[in-house]
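For reference, my_file.csv is printed below; it contains CSV, C-alpha atoms.
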```
chain,number,residue,atom,x,y,z
C,1492,MET,CA,71.4,36.1,-2.8
C,1493,LYS,CA,69.6,34.2,-5.6
C,1494,ASN,CA,67.4,31.2,-4.7
C,1495,LEU,CA,69.8,28.7,-6.3
C,1496,GLU,CA,72.7,30.1,-4.3
C,1497,LYS,CA,70.6,29.8,-1.1
C,1498,GLU,CA,69.7,26.2,-2.0
C,1499,ILE,CA,73.3,25.2,-2.7
C,1500,GLU,CA,74.4,26.9,0.6
C,1501,PHE,CA,71.8,24.9,2.4
C,1502,SER,CA,72.9,21.7,0.7
C,1503,ILE,CA,76.5,22.3,1.8
C,1504,LEU,CA,75.2,22.9,5.4
C,1505,LEU,CA,73.5,19.5,5.3
C,1506,ASP,CA,77.0,18.0,5.3
C,1507,GLU,CA,77.3,19.0,8.9
C,1508,MET,CA,74.8,16.3,9.9
C,1509,LYS,CA,77.6,13.8,9.2
C,1510,ARG,CA,79.6,15.1,12.2
C,1511,ILE,CA,76.8,15.6,14.9
C,1512,LEU,CA,77.4,12.6,17.1
C,1513,ARG,CA,74.6,10.8,19.0
C,1514,ARG,CA,74.9,8.5,22.0
C,1515,THR,CA,74.0,5.4,20.1
C,1516,LYS,CA,76.8,3.3,18.6
C,1517,HIS,CA,77.0,1.4,15.3
C,1518,ILE,CA,75.9,-2.2,15.8
C,1519,GLY,CA,78.9,-4.3,16.8
C,1520,HIS,CA,81.4,-1.4,16.5
C,1521,ASP,CA,82.8,1.2,18.9
C,1522,ILE,CA,81.8,4.1,16.6
C,1523,TYR,CA,79.3,6.7,17.6
C,1524,GLU,CA,76.4,7.1,15.1
C,1525,ASN,CA,75.9,10.6,13.6
C,1526,ASP,CA,72.7,12.4,12.7
C,1527,ALA,CA,73.0,11.8,8.9
C,1528,GLU,CA,73.4,8.0,9.5
C,1529,HIS,CA,70.5,8.0,12.0
C,1530,SER,CA,68.3,9.9,9.6
C,1531,PHE,CA,69.1,7.5,6.8
C,1532,HIS,CA,68.5,4.4,9.1
C,1533,ILE,CA,65.1,5.5,10.4
C,1534,SER,CA,63.9,6.5,6.9
C,1535,ALA,CA,64.9,3.2,5.4
C,1536,MET,CA,63.2,1.4,8.4
C,1537,ALA,CA,60.0,3.4,7.7
C,1538,MET,CA,60.0,1.8,4.2
C,1539,VAL,CA,60.2,-1.6,5.9
C,1540,PHE,CA,57.6,-1.1,8.7
C,1541,HIS,CA,55.0,1.0,6.7
C,1542,SER,CA,52.9,-2.1,6.5
C,1543,TYR,CA,52.3,-2.1,10.3
C,1544,CYS,CA,50.5,1.3,10.1
C,1545,LYS,CA,46.9,0.8,11.5
C,1546,GLU,CA,45.5,3.9,9.8
C,1547,GLU,CA,46.1,5.3,6.3
C,1548,THR,CA,49.6,6.7,6.4
C,1549,ASP,CA,51.5,8.4,3.5
C,1550,LEU,CA,54.9,6.9,3.4
C,1551,GLY,CA,56.4,9.6,1.2
C,1552,HIS,CA,55.2,12.3,3.6
C,1553,THR,CA,56.7,10.3,6.6
C,1554,LEU,CA,60.1,10.1,4.8
C,1555,LYS,CA,60.1,13.9,4.3
C,1556,MET,CA,59.6,14.4,8.0
C,1557,LEU,CA,62.2,11.8,9.0
C,1558,LEU,CA,64.8,13.3,6.7
C,1559,ILE,CA,64.5,16.8,8.1
C,1560,HIS,CA,63.4,16.3,11.8
C,1561,ASP,CA,67.0,16.4,13.1
C,1562,LEU,CA,68.3,19.3,11.0
C,1563,VAL,CA,67.8,21.7,13.9
C,1564,GLU,CA,70.6,19.8,15.7
C,1565,ILE,CA,73.1,21.5,13.3
C,1566,TYR,CA,72.5,24.6,15.5
C,1567,ALA,CA,71.0,23.1,18.7
C,1568,GLY,CA,73.2,19.9,19.1
C,1569,ASP,CA,72.0,16.5,20.1
C,1570,THR,CA,70.4,16.1,23.5
C,1571,PHE,CA,70.7,12.6,25.2
C,1572,CYS,CA,67.1,11.5,25.6
C,1573,TYR,CA,67.6,10.4,29.2
C,1574,ASP,CA,69.3,13.7,30.2
C,1575,VAL,CA,66.7,15.5,32.3
C,1576,LYS,CA,68.6,18.7,32.6
C,1577,GLY,CA,69.5,18.9,28.8
C,1578,ASN,CA,65.9,18.3,27.9
C,1579,GLY,CA,64.7,21.2,30.1
C,1580,ASP,CA,65.5,23.9,27.5
C,1581,LYS,CA,65.6,21.6,24.4
C,1582,ALA,CA,62.3,22.8,22.9
C,1583,GLU,CA,63.4,26.5,23.1
C,1584,ARG,CA,66.9,25.8,21.7
C,1585,GLU,CA,65.5,23.7,18.9
C,1586,SER,CA,62.8,26.2,18.0
C,1587,GLU,CA,65.4,29.0,17.6
C,1588,ALA,CA,67.5,26.6,15.6
C,1589,ALA,CA,64.6,25.8,13.3
C,1590,ASP,CA,64.0,29.5,12.6
C,1591,LYS,CA,67.6,29.9,11.8
C,1592,ILE,CA,68.2,26.9,9.6
C,1593,PHE,CA,64.9,26.9,7.7
C,1594,GLY,CA,65.2,30.6,7.3
C,1595,MET,CA,68.2,30.0,5.0
C,1596,LEU,CA,66.0,28.6,2.3
C,1597,PRO,CA,63.8,30.6,-0.1
C,1598,VAL,CA,60.6,31.5,1.8
C,1599,GLU,CA,58.2,28.9,0.5
C,1600,LYS,CA,60.6,26.0,0.9
C,1601,GLY,CA,61.7,27.2,4.3
C,1602,GLU,CA,58.1,27.2,5.4
C,1603,PHE,CA,57.5,23.7,4.0
C,1604,PHE,CA,60.5,22.3,5.9
C,1605,HIS,CA,59.5,24.2,9.1
C,1606,SER,CA,56.0,22.8,8.9
C,1607,LEU,CA,57.4,19.2,8.6
C,1608,TRP,CA,59.6,19.7,11.6
C,1609,ARG,CA,56.6,21.1,13.6
C,1610,GLU,CA,54.4,18.2,12.5
C,1611,PHE,CA,57.1,15.7,13.7
C,1612,GLU,CA,57.4,17.5,17.1
C,1613,GLU,CA,53.6,17.7,17.6
C,1614,ASN,CA,53.3,14.0,17.0
C,1615,SER,CA,49.6,14.0,16.3
C,1616,THR,CA,49.1,13.0,12.6
C,1617,PRO,CA,49.3,9.4,11.5
C,1618,GLU,CA,52.6,10.2,9.6
C,1619,SER,CA,54.2,11.9,12.5
C,1620,LYS,CA,53.2,9.1,14.9
C,1621,PHE,CA,54.7,6.6,12.6
C,1622,ALA,CA,57.9,8.8,12.1
C,1623,ASN,CA,58.3,9.1,15.9
C,1624,ALA,CA,57.9,5.3,16.3
C,1625,MET,CA,60.8,4.7,13.9
C,1626,ASP,CA,62.9,7.4,15.6
C,1627,ARG,CA,62.5,5.4,18.9
C,1628,MET,CA,62.8,1.9,17.4
C,1629,GLN,CA,66.2,2.4,15.6
C,1630,PRO,CA,68.3,3.2,18.7
C,1631,LEU,CA,66.5,0.5,20.5
C,1632,LEU,CA,67.7,-2.0,17.9
C,1633,ASN,CA,71.2,-0.7,18.1
C,1634,ASN,CA,71.3,-0.9,21.9
C,1635,LEU,CA,69.8,-4.4,21.9
C,1636,ASN,CA,72.5,-5.5,19.5
C,1637,ASN,CA,75.3,-3.8,21.5
C,1638,ASN,CA,74.7,-5.6,24.8
C,1639,GLY,CA,72.5,-2.8,26.0
C,1640,GLY,CA,74.6,0.0,24.6
C,1641,THR,CA,73.6,3.3,26.3
C,1642,TRP,CA,71.4,1.5,28.7
C,1643,ASN,CA,74.5,0.5,30.6
C,1644,ASN,CA,74.5,4.0,31.9
C,1645,GLU,CA,73.4,3.7,35.6
C,1646,SER,CA,70.7,6.3,35.2
C,1647,VAL,CA,68.8,4.4,32.6
C,1648,THR,CA,66.1,2.2,34.1
C,1649,TYR,CA,63.8,-0.3,32.4
C,1650,SER,CA,60.8,1.8,33.1
C,1651,ALA,CA,62.5,4.9,31.6
C,1652,ILE,CA,62.9,2.9,28.4
C,1653,VAL,CA,59.3,1.7,28.5
C,1654,LYS,CA,58.2,5.3,28.9
C,1655,ARG,CA,60.5,6.5,26.1
C,1656,MET,CA,59.1,3.8,23.8
C,1657,ILE,CA,55.4,4.7,24.2
C,1658,PRO,CA,55.3,6.0,20.6
C,1659,LEU,CA,56.5,2.6,19.4
C,1660,LYS,CA,54.1,0.7,21.6
C,1661,GLU,CA,51.2,2.8,20.4
C,1662,PHE,CA,52.3,2.3,16.8
C,1663,SER,CA,52.4,-1.5,17.0
C,1664,GLU,CA,51.8,-3.8,20.0
C,1665,ASP,CA,53.3,-6.7,17.9
C,1666,ILE,CA,56.6,-5.0,17.4
C,1667,TRP,CA,56.7,-3.7,20.9
C,1668,ASN,CA,55.9,-7.0,22.6
C,1669,TYR,CA,58.6,-8.7,20.5
C,1670,LEU,CA,61.2,-6.1,21.4
C,1671,ASP,CA,60.1,-5.8,25.0
C,1672,GLU,CA,61.1,-9.4,25.6
C,1673,LYS,CA,64.5,-8.7,24.1
C,1674,ILE,CA,65.0,-5.6,26.3
C,1675,LYS,CA,64.2,-7.7,29.4
C,1676,GLU,CA,66.7,-10.4,28.3
C,1677,THR,CA,69.3,-7.7,27.7
C,1678,PHE,CA,68.7,-6.3,31.2
C,1679,VAL,CA,69.3,-9.7,32.7
C,1680,LEU,CA,72.6,-10.0,30.7
C,1681,MET,CA,73.6,-6.5,31.8
C,1682,GLY,CA,72.9,-7.6,35.4
C,1683,LYS,CA,70.5,-4.7,35.8
C,1684,GLU,CA,67.2,-5.0,37.7
C,1685,ILE,CA,64.0,-4.7,35.7
C,1686,VAL,CA,62.4,-1.8,37.5
M,895,MET,CA,61.5,-17.1,10.2
M,896,LYS,CA,58.5,-14.9,10.9
M,897,ASN,CA,58.0,-11.7,8.8
M,898,LEU,CA,58.8,-9.5,11.8
M,899,GLU,CA,62.0,-11.3,12.5
M,900,LYS,CA,63.0,-10.9,8.8
M,901,GLU,CA,62.2,-7.2,8.9
M,902,ILE,CA,64.2,-6.7,12.1
M,903,GLU,CA,67.1,-8.7,10.7
M,904,PHE,CA,67.0,-6.4,7.6
M,905,SER,CA,66.9,-3.3,9.8
M,906,ILE,CA,70.0,-4.5,11.6
M,907,LEU,CA,71.7,-5.1,8.3
M,908,LEU,CA,71.0,-1.5,7.3
M,909,ASP,CA,73.5,-0.4,9.9
M,910,GLU,CA,76.3,-1.8,7.6
M,911,MET,CA,75.6,1.2,5.3
M,912,LYS,CA,77.4,3.4,7.9
M,913,ARG,CA,80.7,1.6,7.3
M,914,ILE,CA,80.8,1.4,3.5
M,915,LEU,CA,83.2,4.1,2.5
M,916,ARG,CA,83.0,6.2,-0.6
M,917,ARG,CA,85.7,8.2,-2.4
M,918,THR,CA,84.1,11.5,-1.5
M,919,LYS,CA,85.1,13.3,1.7
M,920,HIS,CA,83.1,15.4,4.1
M,921,ILE,CA,83.2,19.1,3.3
M,922,GLY,CA,86.2,20.7,4.9
M,923,HIS,CA,87.2,17.5,6.7
M,924,ASP,CA,89.6,14.6,6.0
M,925,ILE,CA,86.8,12.0,6.6
M,926,TYR,CA,85.5,9.7,3.9
M,927,GLU,CA,81.8,9.8,3.5
M,928,ASN,CA,79.9,6.5,3.9
M,929,ASP,CA,76.9,5.2,2.1
M,930,ALA,CA,74.4,6.0,4.9
M,931,GLU,CA,75.6,9.6,5.0
M,932,HIS,CA,75.5,9.9,1.2
M,933,SER,CA,72.0,8.4,1.0
M,934,PHE,CA,70.8,10.9,3.6
M,935,HIS,CA,72.4,13.8,1.9
M,936,ILE,CA,71.0,13.2,-1.6
M,937,SER,CA,67.5,12.5,-0.1
M,938,ALA,CA,67.5,15.8,1.8
M,939,MET,CA,68.8,17.5,-1.3
M,940,ALA,CA,65.9,16.1,-3.4
M,941,MET,CA,63.6,17.9,-1.0
M,942,VAL,CA,65.4,21.1,-1.7
M,943,PHE,CA,65.6,20.8,-5.5
M,944,HIS,CA,62.3,19.2,-6.3
M,945,SER,CA,61.0,22.5,-7.5
M,946,TYR,CA,63.4,22.3,-10.5
M,947,CYS,CA,61.7,19.3,-11.9
M,948,LYS,CA,60.4,20.1,-15.4
M,949,GLU,CA,57.8,17.4,-15.5
M,950,GLU,CA,55.4,16.1,-12.8
M,951,THR,CA,57.6,14.2,-10.4
M,952,ASP,CA,56.5,12.5,-7.2
M,953,LEU,CA,59.0,13.5,-4.5
M,954,GLY,CA,57.9,10.7,-2.1
M,955,HIS,CA,58.6,8.1,-4.7
M,956,THR,CA,62.0,9.7,-5.5
M,957,LEU,CA,62.9,9.6,-1.8
M,958,LYS,CA,62.1,5.9,-1.6
M,959,MET,CA,64.4,5.2,-4.6
M,960,LEU,CA,67.2,7.4,-3.2
M,961,LEU,CA,67.1,5.7,0.2
M,962,ILE,CA,67.5,2.2,-1.1
M,963,HIS,CA,69.5,2.6,-4.3
M,964,ASP,CA,72.9,2.0,-2.6
M,965,LEU,CA,71.8,-0.9,-0.4
M,966,VAL,CA,73.3,-3.4,-2.9
M,967,GLU,CA,76.7,-2.1,-1.9
M,968,ILE,CA,76.3,-3.9,1.4
M,969,TYR,CA,77.2,-7.0,-0.7
M,970,ALA,CA,78.8,-5.5,-3.8
M,971,GLY,CA,80.9,-2.7,-2.3
M,972,ASP,CA,81.3,0.8,-3.6
M,973,THR,CA,82.8,1.3,-7.1
M,974,PHE,CA,84.7,4.5,-7.8
M,975,CYS,CA,82.7,6.1,-10.7
M,976,TYR,CA,85.9,6.9,-12.7
M,977,ASP,CA,87.3,3.4,-12.3
M,978,VAL,CA,86.9,1.8,-15.8
M,979,LYS,CA,87.9,-1.7,-14.7
M,980,GLY,CA,85.8,-1.8,-11.5
M,981,ASN,CA,82.8,-0.6,-13.5
M,982,GLY,CA,83.2,-3.5,-16.0
M,983,ASP,CA,81.5,-6.1,-13.8
M,984,LYS,CA,79.6,-3.6,-11.6
M,985,ALA,CA,76.2,-4.4,-13.1
M,986,GLU,CA,76.5,-8.1,-12.6
M,987,ARG,CA,77.9,-7.8,-9.1
M,988,GLU,CA,75.1,-5.4,-8.1
M,989,SER,CA,72.4,-7.5,-9.6
M,990,GLU,CA,73.5,-10.5,-7.6
M,991,ALA,CA,73.7,-8.4,-4.5
M,992,ALA,CA,70.2,-7.1,-5.1
M,993,ASP,CA,68.8,-10.6,-5.3
M,994,LYS,CA,70.5,-11.4,-2.0
M,995,ILE,CA,69.6,-8.4,0.0
M,996,PHE,CA,66.1,-7.8,-1.1
M,997,GLY,CA,65.5,-11.5,-0.8
M,998,MET,CA,65.9,-11.2,2.9
M,999,LEU,CA,62.6,-9.3,3.2
M,1000,PRO,CA,59.1,-10.9,3.1
M,1001,VAL,CA,58.3,-11.5,-0.6
M,1002,GLU,CA,56.1,-8.5,-1.4
M,1003,LYS,CA,58.3,-6.0,0.4
M,1004,GLY,CA,61.4,-7.5,-1.2
M,1005,GLU,CA,59.9,-7.1,-4.7
M,1006,PHE,CA,58.9,-3.5,-3.9
M,1007,PHE,CA,62.5,-2.6,-2.9
M,1008,HIS,CA,63.9,-4.5,-5.9
M,1009,SER,CA,61.6,-2.6,-8.3
M,1010,LEU,CA,62.7,0.7,-6.8
M,1011,TRP,CA,66.4,-0.3,-7.3
M,1012,ARG,CA,65.7,-1.3,-10.9
M,1013,GLU,CA,63.9,1.9,-11.6
M,1014,PHE,CA,66.8,3.9,-10.3
M,1015,GLU,CA,69.3,1.9,-12.4
M,1016,GLU,CA,67.1,2.2,-15.6
M,1017,ASN,CA,66.9,5.9,-15.2
M,1018,SER,CA,63.9,6.4,-17.4
M,1019,THR,CA,61.0,7.7,-15.3
M,1020,PRO,CA,60.8,11.3,-14.2
M,1021,GLU,CA,61.5,10.2,-10.6
M,1022,SER,CA,64.5,8.1,-11.4
M,1023,LYS,CA,66.0,10.9,-13.6
M,1024,PHE,CA,65.6,13.3,-10.7
M,1025,ALA,CA,67.1,10.8,-8.3
M,1026,ASN,CA,70.1,10.2,-10.5
M,1027,ALA,CA,70.6,13.9,-10.9
M,1028,MET,CA,70.8,14.3,-7.1
M,1029,ASP,CA,73.1,11.3,-6.8
M,1030,ARG,CA,75.5,13.1,-9.1
M,1031,MET,CA,75.1,16.6,-7.7
M,1032,GLN,CA,76.0,15.8,-4.1
M,1033,PRO,CA,79.6,14.5,-4.6
M,1034,LEU,CA,80.0,17.4,-7.1
M,1035,LEU,CA,79.2,19.8,-4.3
M,1036,ASN,CA,81.5,18.0,-1.9
M,1037,ASN,CA,84.4,18.0,-4.4
M,1038,LEU,CA,83.9,21.7,-5.3
M,1039,ASN,CA,84.1,22.6,-1.6
M,1040,ASN,CA,87.1,20.4,-1.0
M,1041,ASN,CA,89.4,22.1,-3.5
M,1042,GLY,CA,88.6,19.5,-6.1
M,1043,GLY,CA,88.5,16.5,-3.8
M,1044,THR,CA,88.6,13.3,-5.8
M,1045,TRP,CA,89.2,15.3,-9.1
M,1046,ASN,CA,92.8,15.7,-7.9
M,1047,ASN,CA,93.3,12.1,-9.0
M,1048,GLU,CA,95.3,12.4,-12.3
M,1049,SER,CA,92.9,10.2,-14.2
M,1050,VAL,CA,89.9,12.5,-13.7
M,1051,THR,CA,89.6,14.9,-16.6
M,1052,TYR,CA,87.2,17.8,-17.0
M,1053,SER,CA,85.4,16.0,-19.8
M,1054,ALA,CA,85.0,12.9,-17.8
M,1055,ILE,CA,83.2,15.0,-15.1
M,1056,VAL,CA,81.0,16.6,-17.7
M,1057,LYS,CA,80.1,13.2,-19.1
M,1058,ARG,CA,79.4,11.9,-15.6
M,1059,MET,CA,77.2,14.9,-14.9
M,1060,ILE,CA,74.9,14.4,-17.9
M,1061,PRO,CA,71.9,13.4,-15.7
M,1062,LEU,CA,72.3,16.7,-13.8
M,1063,LYS,CA,72.6,18.8,-17.0
M,1064,GLU,CA,69.5,17.1,-18.4
M,1065,PHE,CA,67.7,17.7,-15.1
M,1066,SER,CA,68.4,21.4,-15.0
M,1067,GLU,CA,70.5,23.6,-17.3
M,1068,ASP,CA,70.3,26.4,-14.6
M,1069,ILE,CA,71.9,24.3,-11.9
M,1070,TRP,CA,74.4,22.8,-14.3
M,1071,ASN,CA,75.5,26.1,-15.8
M,1072,TYR,CA,76.0,27.5,-12.4
M,1073,LEU,CA,78.1,24.5,-11.2
M,1074,ASP,CA,80.0,24.1,-14.4
M,1075,GLU,CA,81.5,27.6,-13.9
M,1076,LYS,CA,82.6,26.5,-10.4
M,1077,ILE,CA,84.1,23.3,-11.8
M,1078,LYS,CA,86.2,25.3,-14.2
M,1079,GLU,CA,87.3,27.7,-11.5
M,1080,THR,CA,88.3,24.7,-9.4
M,1081,PHE,CA,90.3,23.1,-12.2
M,1082,VAL,CA,92.2,26.4,-12.6
M,1083,LEU,CA,92.9,26.3,-8.8
M,1084,MET,CA,94.0,22.7,-9.0
M,1085,GLY,CA,96.3,23.7,-11.9
M,1086,LYS,CA,94.7,21.1,-14.1
M,1087,GLU,CA,93.9,21.7,-17.8
M,1088,ILE,CA,90.2,22.0,-18.8
M,1089,VAL,CA,90.2,19.2,-21.3
```
This structure in structure tokens:
Amino acid sequence: MKNLEKEIEFSILLDEMKRILRRTKHIGHDIYENDAEHSFHISAMAMVFHSYCKEETDLGHTLKMLLIHDLVEIYAGDTFCYDVKGNGDKAERESEAADKIFGMLPVEKGEFFHSLWREFEENSTPESKFANAMDRMQPLLNNLNNNGGTWNNESVTYSAIVKRMIPLKEFSEDIWNYLDEKIKETFVLMGKEIV
Amino acid sequence: MKNLEKEIEFSILLDEMKRILRRTKHIGHDIYENDAEHSFHISAMAMVFHSYCKEETDLGHTLKMLLIHDLVEIYAGDTFCYDVKGNGDKAERESEAADKIFGMLPVEKGEFFHSLWREFEENSTPESKFANAMDRMQPLLNNLNNNGGTWNNESVTYSAIVKRMIPLKEFSEDIWNYLDEKIKETFVLMGKEIV
């Protein structure tokens, strides 16, 4: 197959992202968010919160990572972040999916996409730390504005959320402190203990 | 209101993009695409087709433009590209919407977003030409893979599509020639004349 055909095939496959549902819902609506919407939302948020980066961070590179970090879910599916069992084999499932999906592209492009995905997962460069912070902050905002949203699930404790939000806290204490207050207020409204 | 509060307010507003419907449907599904999905799709496609740029083109800058170019529709709504009447006052409606939505952000950020939106609309830099080409190519792919999709509307002629696709043709003759053949094949399948 010619390169152009591969690239068009890949572009068509991207459409699948619009039907991979996440656990988070749209703000104020009983509609599950999908991966395409989530990827857009976190990317646009990165444009807003770039100014909070403490170290030199390339926004363009961050956007590239955010746009492709969930593509593996086309083959691996979405795993609920508070699902201990599902997360057990997540890394393996996603690694196989990455080989499969990025392998569809002409070699050089596939490797570029693959390296971005790995960088996001490794979470060690300024750009990937910023990207991971946005990936955590967006569902947090949706849950906060949906009376707790997925946090109403019995198994989700306040301390599990705090743990999950470490990348956001490390990214910006200001943002975290502001939102942490809101999380506590929401827990009170949900009638859940802050433990 | 403090800057952080404005930025969070804006991030919440971004969620609206998930419910602004376009005319194009998901590939192989009877589901209208929304603005968030479309913005994700064209941005990820830009990462794939960046190698086709004839002049030096900053991919990161292109992504920033693609991610925010449709935000004005939160206040101005989507206008069907082949709707002559709706397009009559589109520029004015969108310009007012741009003032309103980008005005929500702290001044400097708002101006940055506004300048990206204007650059996309003016379509004169290498990045905005590339961005506009992607914005045209994605619904084209969806229609091609949906037995013509919105082209089944009586008012949409082959020459109207060709005219609409000028930014794509100018971006890459190779991509255009390949897809133009597919458009013609699809017109034959739809039983529509190629005029």
List every residue of chain M that has an atom at most 7 Å from any atom of chain C, giving for each one its closest atom pair and the distance in Å to one decimal, counting all atoms listed in the file, sorted by chain and then by ascending residue number, as CSV.
```
residue,atom,partner,partner_atom,distance
M:Glu901,CA,C:Val1539,CA,6.7
M:Ser905,CA,C:Met1536,CA,6.1
M:Leu908,CA,C:His1532,CA,6.7
M:Asp909,CA,C:Ile1518,CA,6.6
M:Lys912,CA,C:Glu1528,CA,6.3
M:His920,CA,C:Asp1506,CA,6.7
M:Ile921,CA,C:Asp1506,CA,6.6
M:Ala930,CA,C:Glu1528,CA,5.1
M:Glu931,CA,C:Ala1527,CA,5.2
M:Ser933,CA,C:Phe1531,CA,6.5
M:Phe934,CA,C:Phe1531,CA,5.0
M:His935,CA,C:Leu1505,CA,6.7
M:Ala938,CA,C:Leu1558,CA,6.1
M:Met939,CA,C:Ser1502,CA,6.2
M:Val942,CA,C:Glu1498,CA,6.7
M:Gly954,CA,C:Gly1551,CA,3.8
M:His955,CA,C:Gly1551,CA,6.5
M:Leu961,CA,C:Ala1535,CA,6.2
```
**Message:** What's the separation between CA of Val1089 (chain M) and CA of Thr918 (chain M), in Å to one decimal place?
**Reply:**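 Interatomic distance here is 22.1 Å.
Taking CA of Trp1045 (chain M) and CA of Phe1081 (chain M) as the two end points, the separation is 8.5 Å.
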**Message:** Considering all atoms listed in the file, can you say which of C:Thr1570, C:Glu1602, C:Trp1667, C:Lys1493 comes closest to Ile1511 (chain C)?
**Reply:**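 The answer is C:Thr1570, which sits nearest to Ile1511 (chain C).
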**Request:** For Ala992 (chain M), list every protein, DNA or RNA residue within 12 Å, evaluated using only C-alpha atoms, and leave out those in the same chain fewer than 5 positions away; present the list as a PyMOL selection string.
**Result:** chain M and resi 962-971+984-987+997-999+1004-1012+1015
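Contact shell of Met1059 (chain M) at 8 Å (only C-alpha atoms; same-chain neighbours under 4 positions omitted): M:Ala1027, M:Arg1030, M:Met1031, M:Ile1055, M:Lys1063.
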**Request:** Using only C-alpha atoms, pick whichever of M:Asp972, M:Ile995, M:Phe1065, M:Ile1060 has the shortest atom-to-atom distance to Thr951 (chain M).
**Result:**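 Of M:Asp972, M:Ile995, M:Phe1065, M:Ile1060, the one nearest Thr951 (chain M) is M:Phe1065, counting only C-alpha atoms.
If all atoms listed in the file are the atoms counted, then among C:Cys1572, C:Glu1645, C:Glu1672, C:Asp1580 the closest residue to Asp1626 (chain C) is C:Cys1572.
Between CA of Lys948 (chain M) and CA of Lys1057 (chain M) the interatomic distance comes to 21.2 Å.
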**Prompt:** Which one of C:Thr1648, C:Thr1616, C:Asn1623, C:Thr1677 sits closest to Glu1546 (chain C) if you count all atoms listed in the file?
**Reply:**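 Once distances to Glu1546 (chain C) are computed over all atoms listed in the file, the minimum belongs to C:Thr1616.
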**Item:** Selected residue of minimal separation from Ser1663 (chain C) among C:Leu1635, C:Cys1544, C:Tyr1649, C:Pro1617, counting all atoms listed in the file
**Value:** C:Cys1544
Box dimensions and centre (Å, one decimal) enclosing region 989-1001 of chain M, axis-aligned, 3 Å extra per side, as lines of an AutoDock Vina configuration file:
```
center_x = 66.0
center_y = -9.3
center_z = -3.2
size_x = 21.4
size_y = 10.4
size_z = 18.8
```
